[in-house]
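The file structure23.pdb contains PDB, C-alpha atoms:
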```pdb
MODEL        1
ATOM      1  CA  MET A   1     -11.046 101.322  52.110
ATOM      2  CA  THR A   2     -12.217 104.569  50.506
ATOM      3  CA  GLN A   3     -14.801 106.709  52.240
ATOM      4  CA  THR A   4     -17.253 108.682  50.170
ATOM      5  CA  HIS A   5     -19.015 111.674  51.640
ATOM      6  CA  GLN A   6     -22.551 112.335  50.556
ATOM      7  CA  ARG A   7     -23.816 115.902  50.668
ATOM      8  CA  LEU A   8     -27.410 116.751  51.518
ATOM      9  CA  GLU A   9     -29.050 119.808  50.044
ATOM     10  CA  ARG A  10     -31.943 121.627  51.633
ATOM     11  CA  LEU A  11     -34.982 122.866  49.735
ATOM     12  CA  PRO A  12     -33.691 126.368  48.832
ATOM     13  CA  ALA A  13     -30.552 124.870  47.249
ATOM     14  CA  VAL A  14     -32.556 122.278  45.291
ATOM     15  CA  MET A  15     -34.978 124.951  44.102
ATOM     16  CA  ALA A  16     -32.050 127.101  42.951
ATOM     17  CA  ARG A  17     -30.366 124.202  41.133
ATOM     18  CA  THR A  18     -33.502 123.014  39.364
ATOM     19  CA  GLY A  19     -35.233 126.356  38.848
ATOM     20  CA  MET A  20     -38.440 124.751  40.105
ATOM     21  CA  SER A  21     -40.827 125.794  42.862
ATOM     22  CA  ARG A  22     -41.408 123.988  46.152
ATOM     23  CA  SER A  23     -44.859 122.799  45.066
ATOM     24  CA  TRP A  24     -43.517 121.463  41.761
ATOM     25  CA  LEU A  25     -40.736 119.528  43.493
ATOM     26  CA  TYR A  26     -43.118 117.900  45.976
ATOM     27  CA  LYS A  27     -45.675 117.118  43.252
ATOM     28  CA  GLU A  28     -42.978 115.445  41.136
ATOM     29  CA  MET A  29     -41.671 113.540  44.179
ATOM     30  CA  ALA A  30     -45.168 112.195  44.831
ATOM     31  CA  ALA A  31     -45.446 111.137  41.182
ATOM     32  CA  GLY A  32     -42.047 109.390  41.334
ATOM     33  CA  ARG A  33     -40.430 111.714  38.787
ATOM     34  CA  PHE A  34     -38.078 113.505  41.197
ATOM     35  CA  PRO A  35     -35.835 112.012  43.899
ATOM     36  CA  LYS A  36     -37.400 111.624  47.337
ATOM     37  CA  ALA A  37     -36.216 113.882  50.119
ATOM     38  CA  LEU A  38     -34.660 112.268  53.165
ATOM     39  CA  LYS A  39     -36.156 113.143  56.535
ATOM     40  CA  ILE A  40     -33.607 114.066  59.196
ATOM     41  CA  GLY A  41     -35.398 114.922  62.412
ATOM     42  CA  SER A  42     -37.805 117.682  61.486
ATOM     43  CA  ALA A  43     -35.767 118.709  58.425
ATOM     44  CA  SER A  44     -35.715 117.323  54.903
ATOM     45  CA  GLY A  45     -32.885 117.202  52.413
ATOM     46  CA  TRP A  46     -31.970 115.650  49.097
ATOM     47  CA  LYS A  47     -28.814 113.735  48.332
ATOM     48  CA  ALA A  48     -26.868 115.988  45.976
ATOM     49  CA  SER A  49     -25.944 112.954  43.880
ATOM     50  CA  ASP A  50     -29.640 112.127  43.364
ATOM     51  CA  VAL A  51     -30.343 115.671  42.183
ATOM     52  CA  ASP A  52     -27.253 115.504  39.932
ATOM     53  CA  GLN A  53     -28.538 112.270  38.355
ATOM     54  CA  TRP A  54     -32.001 113.755  37.829
ATOM     55  CA  ILE A  55     -30.510 116.808  36.074
ATOM     56  CA  GLU A  56     -28.288 114.577  33.933
ATOM     57  CA  SER A  57     -31.308 112.469  32.952
ATOM     58  CA  LEU A  58     -32.942 115.621  31.542
ATOM     59  CA  THR A  59     -29.904 117.083  29.817
ATOM     60  CA  GLY A  60     -27.884 114.004  28.985
ATOM     61  CA  SER A  61     -24.733 115.866  29.998
ATOM     62  CA  PRO A  62     -23.091 116.304  33.401
ATOM     63  CA  ALA A  63     -21.503 119.582  32.200
ATOM     64  CA  ALA A  64     -24.902 121.114  31.500
ATOM     65  CA  HIS A  65     -25.466 121.981  35.181
ATOM     66  CA  SER A  66     -21.885 122.599  36.295
ATOM     67  CA  GLY A  67     -21.759 126.164  35.026
ATOM     68  CA  ALA A  68     -19.514 125.237  32.093
ATOM     69  CA  CYS A  69     -20.321 127.179  28.936
TER      70      CYS A  69
ENDMDL
END
```
Output the file's structure as structure tokens, nothing else.
Amino acid sequence: MTQTHQRLERLPAVMARTGMSRSWLYKEMAAGRFPKALKIGSASGWKASDVDQWIESLTGSPAAHSGAC
């Protein structure tokens, strides 16, 4: 059996990856156009794979956000 490890990203990391502000991210989450954050105690985080998929849906290419030129 293969284990997969999911990584959670906090707000500053998601803002850096998307280039979007906190208010934009939460507005888009409420509208259903951005992945929902998971609540862990008093903290929130996004599954990195969900953010990856959202970026890919905009660009159509997984390499577009990996830093590859």
Could you state the separation of atom CA of Val14 of chain A and atom CA of Ala48 of chain A in Å, given to one decimal place? 8.5 Å
Counting only C-alpha atoms, what is within 7 Å of Lys47 of chain A, bar same-chain residues fewer than 4 positions away, as a PyMOL selection string? chain A and resi 6-9+51
Just the number, please: distance in Å from atom CA of Leu11 of chain A to atom CA of Leu25 of chain A, one decimal.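 It comes out at 9.1 Å.
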Nearest to Met29 of chain A by atom-to-atom distance, counting all atoms listed in the file, from A:Pro12, A:Trp46, A:Thr4, A:Asp52: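 Checking each of A:Pro12, A:Trp46, A:Thr4, A:Asp52 against Met29 of chain A, counting all atoms listed in the file, the winner is A:Trp46.
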Å distance separating atom CA of Ala37 of chain A from atom CA of Ile55 of chain A, one decimal place: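 Taking atom CA of Ala37 of chain A and atom CA of Ile55 of chain A, their separation equals 15.4 Å.
With only C-alpha atoms as the basis for measurement, A:Arg10 is the residue among A:Arg10, A:Leu58, A:Thr18, A:Lys27 that approaches Lys39 of chain A most closely.
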Kindly indicate which residue among A:Ser21, A:Ser49, A:Ala16, A:Trp54 lies nearest to Arg33 of chain A, using all atoms listed in the file for the distances. A:Trp54
Kindly indicate which residue among A:His5, A:Ala13, A:Trp24, A:Glu56 lies nearest to Ser44 of chain A, using all atoms listed in the file for the distances.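 For Ser44 of chain A, the nearest of the candidates is A:Ala13.
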